[in-house]
Structure formats: structure tokens, C-alpha cells
Amino acid sequence: MKLRTILLVGLGIATIFGLYFWLSSSDAQKLPAPESAEITRRTISQGDLIGYVHHENPAHIWKSIGFAAPPVGDLRWRAPRPAAAWTGVRASLEDAPWCVQIRRSLDEGTSADAIPLGNLMGQEDCLYLNIFAPAMDAATAAKTQLPVMMWIHGGSNFWGRAEQYDPSALAVQENVIVVVIQYRLGPLGWFAHDALEEAAETEWDKSANFGILDQIAALDWIADNIAPFGGDPANITIFGESAGGHNVATLLGSSAAAGKFHKAIIQSGSFDSISLADAKNTGRDASVTIAANMIDGEVTAPALRAASVKQLHAAYGADLHKRNWELPRIIEDDIVVSKNGLTSSFDSTETFNAVPIITGTNRDEMKLFLLGLDELVGSRLGMIPYVRDQDIYDAASEYPSRMWRVKAVDMPATQMVSAGHKEVFAYRFDWDDAGSILGTDFGDLMGAAHAMEIPFVMGSFRFFATADQWLFTDENEAERLDLSEAMMGYWGHFAYHGVPGRGGKDVRPDWRSWSIEAAKKNLLIFDSQSDGGIQFLASRESSKGVASALFKDPRLEDAALACRIYLSVQTSDEAWRNGNKLNCK
């Protein structure tokens, strides 16, 4: 497998896959089955429901609440419709069915165990959400108005589910309501075809971004129903990581989401989009090609909606487990996303939802994706990975990771501030104090990899399956928990006040907003105390600067290797292209 193949996922299509055996089988402790608790009984617009109390903390939890009608049959590839009511008391104790997706290695130890890797799983009826709240009875909740934080999961918009995330510690520590949502994935969530537009019943049915419309529907549901749980519908923060961060950026740039949220946090996100014409007609993954492969006969909206999920995915003619196809992407449909492109929306405060924003990346984003690359990572005993050449490995991660930051932090933050939006805050996550086993230092192997900040933000260190035991050890526990408490503090304070401030404690740095002046120290670094702690850097990244550093790096004396790393970064950025000092092709 070539280096370019692994690194291609870096800037717009971040997901967690291709990991070694050590990350593909879960020995996680079996959690106790939840039992309904009368104190959690609530009445919402759809009916009565009852949840349960978390087994380790006092958080109240309600799972698998439908926020929209099942998008099946004639509702496939339409904007979401309102969810139906129910009679009696609904027990909201079990995890929701997953949206249709491909079985991945990180699904081990779940209900997907019986499904072979690379196979389809999940169902189209999947528009559900989970709610996590501080402990309170119904009467108290009715008089309480806590900030609401809606989490949008990552996974390249073709993988992931609400079940992965436990933000109960965040809800309890910060006294906020956290809602974790699901949304349509893959080609069921992003698809553009004339036949679907012609059969539209509403203007929003003409959109190609059905997964984003699901997220907007979830925001509408929250506005209408969160009060009985103690939430304030007038104070909603959206936050998400990877593809979830990309979706947050899309909601920020979408007029369709105007007024539906009040703050936003982008973790390792993206601001990319593709034209509607490209989505329909360009390449083997374009919808016109897929539709022709899927339908035997005339391609009509009824025929598209009648096709099975297996037929749809088979039409790509690709090995889905190897992930060698390039859907979905945020599509410039001029309904959810401007025809001028998502990035262009941030040129003026008049063309995006200019709410307070946090955006950041992890220092070593790409290390997660390098783990499956045999030429860089070997294995001991057939299961314990080790780095073959640390210098080459670090360099292969560093430059795509720095370009990720350019595209997700420095460029959009500067663009928004230049447009007159001052409430923009930026960070970099640097924690790399993981443990070791059999000579493998997981701090060197994974470092501050993609998704590594999620356990710190959620306050739950059950996330990376078997690897948790080597990443999160007794030795790093004290400083790790301190950093997690601080990050939850900053996120919670931001949800309350629209500024992260000192994260609720005077001893922490006061998080300054982004400035177009490069000399100002306003990039907040999150790290353990022994590695410098939480501190500011006057750090600025640019495409030109990263390219220049790459070709001067003494670790990359092999020009061919330098070119492979350079070419692995997929971007139309002119400054990056002009930085091609070796004429790499």
C-alpha cells in the first residue's frame, strides 16, 4: 500500500480505519444493563418517556429518541419529516439502530460483532438521538434553563453512530445538556440527481445534503423538546469532530440553519465542498453513474427509492472495506450550501451564521492513518505495532497534519476575523503521554493523533477499544484527568457565555480570540502539565510556510520521499502548489 493512499484521507475525508489488530478487538468491560428510573420520566411533544441513571455518575440519560420520521421508502432522499407520536410511556434505555454503513475495525466489541469487516450493516430507520443531563427531577428541569450542546459524530460522513459517545461526565461537570445525534451516512446522506429534484415535494427535497438536513431537523427537535430535560432552546452549541467538524462548518455557512444554534465548536474539521455538477456528473462515483449502475432501465425517483441498500452500494463497483471511493462530500446545491462554495460563505458576516466559534486541530492528526502502512509500521508477535523509522514516520505525519491545521484553523479563522467576526478562538491539542508495551511507546506511535482529544472533551476514556489500556494508563492518569477537566471547563464555559474564558477556574489561561496579527499569542495549546501545560503560542501556519519547511527538512533527504509526502496533501491551494520546490509530479 502506498503512502499516498493512506494520506489521501487527511484533509477532507477523515475517518478511523485501517488499524492493526491491537485496535480491532475490544476487551472493554461489559457495562451493566440500564434500568429505568422514575426520576427521569419526562413528557415531550411526542409522548411520555423514561430514561436511566448512569452507572458511574449521577447523569440522567435518555437514548434512541426519534427526532424525525424514518427516511425510508418514499422518504429516502427527501428532507426529514416530523417524527411520529407514541402512546404510553416509552422506555429510552437502549442504543439506537445504526445508520447504514460499512463494518469497520473499531466496531469490534459491539452489536456488529457478527458482521464481517467490510460488509454493510445498519438500517435506514436511524434518525435518533441520545440526551445526557445533570440529575434533576421533572419539576426542577421545567424551571431550569441549561446550555445545550449538540454533538455531531465523525467518520467521513459514511461511518459512526451515537452509541460511540458517552458525554455524561461533561454534562455533570459543566452542568449542561448534551445531545448526541445520528444522521444519514454515505450515499443515503449525500446524493445529487435530477430525477430526485424533479420529484421533490418541497424546496429542501431538492437538496443533495440530506445528512446536513437531518442535523438541522435535530436542531429543530431540540428547540421544541429540550425544555423538559432542563435545556435552554435559546442557547444551543453545536460541536463535532472530523466529519462532524466539517458538518459544523457547513451549518455555520448555511442559511438553512440560520438562527437554529448560537455557538459552534469545530474539532479537526474541514471547510471543503464540491460543485453540484461534479457531484452529479464527474468521475465514477458521481450520482449519474451510480444511478445508471443501480437501475436496470429508466432512472426515475421511484426506481431509485425502490432499489435496495445493497444495490446502491454495489453500484459503486468498489471494495468498500478498502474505502477506495470518494463519497460523500459536502455539495454546493445552493439550498443548504451556496453555489459559490462553502469556503466563500465566510468572506462576509452577512453570508454565514456569525456566532461565537472555536476551531482547532490535533498536532499529530495523521498518525492515526499511518498505523496501517506496512512500510512505516511493523508488528511484534503479529499484533503489537512499532515504528520502523521514527524520523520518517514523524515527518510523514507532520506536514499533512500541519496542512490540516492551515485549512481548518489558520485560513478560516483569519478569513472570518478579516470579515469582521471577532468571536473566533483557536487551539491545538498536543497530549502525547500515552503508555507503552513490549518496547512500543504509544506516545511516539500515536502522539496527539486524530480523535485523541475526544475522550478529554467527553471526560470518558473508553474510546479506542483495546488500545485504551495502553493509551490511558495509571501513570498518566492524574495529569490526563486534569487536562480533561480543563478542556471540559473551556467547552462548558463557552457554551454558557460564548467565550471560553478561563474554563471556569482563575488559574487557567484566559483564552484570547484569534487575531490577524501573527505576533500575538492566541493559539491555545492543550497539553499535560509536565509537557508545558495549557499555554499560548504566537503560532501561525500557511500553505507556503509548510511546503517550504517540508522541502528543507533534513529528515527527508530522499527527494522522492519528500515528494510523496507533498503529493499526499490533496488541496487546490495555490500557495501549496507554488511551494513545489522539487517539481513533484
# chains A, B, ... in the order shown; residues from 1 in each chain; ligands from 1

$ residues_around --residues "A:Asn340" --least-positions-apart "2" --cutoff "12 Å" --atoms "only C-alpha atoms" --output "list in words"
Gly253, Ser254, Asp272, Ser273, Ile274, Ser275, Leu276, Ile331, Glu332, Asp333, Asp334, Ile335, Val336, Val337, Ser338, Leu342, Thr343, Ser344, Ser345, Phe346, Asp347 and Thr351 of chain A

$ residues_around --residues "A:Arg388" --least-positions-apart "3" --cutoff "7 Å" --atoms "only C-alpha atoms" --output "PyMOL selection string"
chain A and resi 376-378

$ atom_distance --atom1 "atom CA of A:Thr359" --atom2 "atom CA of A:Arg428"
8.9 Å

$ residues_around --residues "A:Ala171" --least-positions-apart "6" --cutoff "6 Å" --atoms "only C-alpha atoms" --output "VMD selection string"
chain A and resid 133 to 134 177

$ closest_residue --among "A:Asp433, A:Glu94, A:Asp214, A:Asp48" --to "A:Phe472" --atoms "only C-alpha atoms"
A:Asp433

$ select_by_dssp --residues "stretch 408-488 of chain A" --states "strand (DSSP E or B)" --output "list of chain:residue names"
A:Val424, A:Phe425, A:Ala426, A:Tyr427, A:Arg428, A:Phe429, A:Ser436, A:Ile437, A:Thr440, A:Asp441, A:Ala449

$ write_last_selection --atoms "N, CA and C atoms" --output "short mmCIF file (atom, residue, chain, number, x, y, z; two decimals), in the first residue's frame"
data_model
loop_
_atom_site.label_atom_id
_atom_site.label_comp_id
_atom_site.auth_asym_id
_atom_site.auth_seq_id
_atom_site.Cartn_x
_atom_site.Cartn_y
_atom_site.Cartn_z
N VAL A 424 -13.79 34.42 17.43
CA VAL A 424 -13.21 33.19 16.90
C VAL A 424 -12.03 32.81 17.79
N PHE A 425 -11.99 31.56 18.24
CA PHE A 425 -10.97 31.08 19.16
C PHE A 425 -10.34 29.82 18.57
N ALA A 426 -9.01 29.70 18.69
CA ALA A 426 -8.30 28.59 18.04
C ALA A 426 -7.44 27.83 19.05
N TYR A 427 -7.29 26.52 18.80
CA TYR A 427 -6.49 25.69 19.70
C TYR A 427 -5.72 24.64 18.90
N ARG A 428 -4.73 24.04 19.58
CA ARG A 428 -4.07 22.83 19.10
C ARG A 428 -3.95 21.87 20.27
N PHE A 429 -4.29 20.62 20.04
CA PHE A 429 -4.23 19.59 21.08
C PHE A 429 -2.94 18.82 20.91
N SER A 436 3.16 2.45 27.18
CA SER A 436 3.96 1.63 26.27
C SER A 436 3.77 0.16 26.61
N ILE A 437 4.11 -0.70 25.65
CA ILE A 437 4.05 -2.14 25.86
C ILE A 437 5.03 -2.80 24.91
N THR A 440 7.03 -0.73 22.52
CA THR A 440 6.31 0.26 21.70
C THR A 440 5.80 1.39 22.58
N ASP A 441 6.27 2.59 22.31
CA ASP A 441 5.81 3.77 23.01
C ASP A 441 4.63 4.34 22.23
N ALA A 449 -2.90 12.18 18.05
CA ALA A 449 -3.47 11.74 16.77
C ALA A 449 -4.90 12.22 16.60
#

$ closest_residue --among "A:Val248, A:Glu241, A:Gln46, A:His493" --to "A:Asn175" --atoms "only C-alpha atoms"
A:His493

$ residues_around --residues "A:Ala68" --least-positions-apart "3" --cutoff "9 Å" --atoms "only C-alpha atoms" --output "list of chain:residue names"
A:Pro71, A:Pro80, A:Arg81, A:Pro82, A:Ala83, A:Ala84, A:Leu127, A:Tyr128, A:Asp214, A:Ala217, A:Ala218, A:Trp221

$ residues_around --residues "stretch 405-418 of chain A" --least-positions-apart "5" --cutoff "10 Å" --atoms "only C-alpha atoms" --output "PyMOL selection string"
chain A and resi 11-12+245-246+249+266-272+343-349+352+354+357-363+365+399-400+423-428+513-517+523+539-543+545-546+571+573

$ closest_residue --among "A:Ala162, A:Asn578, A:Ile115, A:Ile265" --to "A:Gly498" --atoms "only C-alpha atoms"
A:Ile265

$ residues_around --residues "A:Ile61" --least-positions-apart "5" --cutoff "8 Å" --atoms "only C-alpha atoms" --output "number ranges by chain"
A: 40, 51-54, 93, 130-133

$ atom_distance --atom1 "atom CA of A:Met366" --atom2 "atom CA of A:Ser156"
14.4 Å

$ residues_around --residues "A:Ile152" --least-positions-apart "4" --cutoff "9 Å" --atoms "only C-alpha atoms" --output "PyMOL selection string"
chain A and resi 162+179-183+215+238-241+243-245+247-248

$ write_last_selection --atoms "N, CA and C atoms" --output "PDB file, in the first residue's frame"
ATOM      1  N   ALA A 162     -24.249   7.283  17.368  1.00  0.00           N
ATOM      2  CA  ALA A 162     -24.347   7.919  18.674  1.00  0.00           C
ATOM      3  C   ALA A 162     -23.806   7.011  19.784  1.00  0.00           C
ATOM      4  N   VAL A 179     -26.596  16.528  23.749  1.00  0.00           N
ATOM      5  CA  VAL A 179     -27.415  15.716  22.850  1.00  0.00           C
ATOM      6  C   VAL A 179     -26.509  15.148  21.766  1.00  0.00           C
ATOM      7  N   VAL A 180     -26.514  13.832  21.613  1.00  0.00           N
ATOM      8  CA  VAL A 180     -25.700  13.151  20.601  1.00  0.00           C
ATOM      9  C   VAL A 180     -26.637  12.624  19.524  1.00  0.00           C
ATOM     10  N   ILE A 181     -26.408  13.035  18.286  1.00  0.00           N
ATOM     11  CA  ILE A 181     -27.355  12.713  17.207  1.00  0.00           C
ATOM     12  C   ILE A 181     -26.760  11.735  16.204  1.00  0.00           C
ATOM     13  N   GLN A 182     -27.651  11.110  15.445  1.00  0.00           N
ATOM     14  CA  GLN A 182     -27.274  10.337  14.268  1.00  0.00           C
ATOM     15  C   GLN A 182     -27.845  11.022  13.028  1.00  0.00           C
ATOM     16  N   TYR A 183     -27.284  10.694  11.885  1.00  0.00           N
ATOM     17  CA  TYR A 183     -27.741  11.296  10.625  1.00  0.00           C
ATOM     18  C   TYR A 183     -27.410  10.336   9.493  1.00  0.00           C
ATOM     19  N   GLN A 215     -29.348  16.977  10.443  1.00  0.00           N
ATOM     20  CA  GLN A 215     -28.789  17.711  11.573  1.00  0.00           C
ATOM     21  C   GLN A 215     -29.610  18.969  11.864  1.00  0.00           C
ATOM     22  N   ILE A 238     -23.424  23.796  18.803  1.00  0.00           N
ATOM     23  CA  ILE A 238     -23.142  22.606  18.013  1.00  0.00           C
ATOM     24  C   ILE A 238     -21.644  22.334  18.068  1.00  0.00           C
ATOM     25  N   PHE A 239     -21.277  21.069  18.227  1.00  0.00           N
ATOM     26  CA  PHE A 239     -19.857  20.713  18.212  1.00  0.00           C
ATOM     27  C   PHE A 239     -19.697  19.324  17.624  1.00  0.00           C
ATOM     28  N   GLY A 240     -18.560  19.114  16.963  1.00  0.00           N
ATOM     29  CA  GLY A 240     -18.318  17.847  16.310  1.00  0.00           C
ATOM     30  C   GLY A 240     -16.872  17.716  15.911  1.00  0.00           C
ATOM     31  N   GLU A 241     -16.465  16.479  15.619  1.00  0.00           N
ATOM     32  CA  GLU A 241     -15.067  16.185  15.310  1.00  0.00           C
ATOM     33  C   GLU A 241     -14.960  15.516  13.948  1.00  0.00           C
ATOM     34  N   ALA A 243     -15.429  14.561  10.394  1.00  0.00           N
ATOM     35  CA  ALA A 243     -16.577  14.864   9.541  1.00  0.00           C
ATOM     36  C   ALA A 243     -17.636  15.633  10.315  1.00  0.00           C
ATOM     37  N   GLY A 244     -17.748  15.364  11.619  1.00  0.00           N
ATOM     38  CA  GLY A 244     -18.666  16.138  12.446  1.00  0.00           C
ATOM     39  C   GLY A 244     -18.274  17.602  12.495  1.00  0.00           C
ATOM     40  N   GLY A 245     -16.959  17.877  12.544  1.00  0.00           N
ATOM     41  CA  GLY A 245     -16.480  19.257  12.480  1.00  0.00           C
ATOM     42  C   GLY A 245     -16.745  19.873  11.122  1.00  0.00           C
ATOM     43  N   ASN A 247     -19.241  19.103   9.275  1.00  0.00           N
ATOM     44  CA  ASN A 247     -20.676  19.392   9.277  1.00  0.00           C
ATOM     45  C   ASN A 247     -20.997  20.646  10.080  1.00  0.00           C
ATOM     46  N   VAL A 248     -20.273  20.858  11.182  1.00  0.00           N
ATOM     47  CA  VAL A 248     -20.449  22.092  11.946  1.00  0.00           C
ATOM     48  C   VAL A 248     -20.113  23.289  11.062  1.00  0.00           C
TER      49      VAL A 248
END
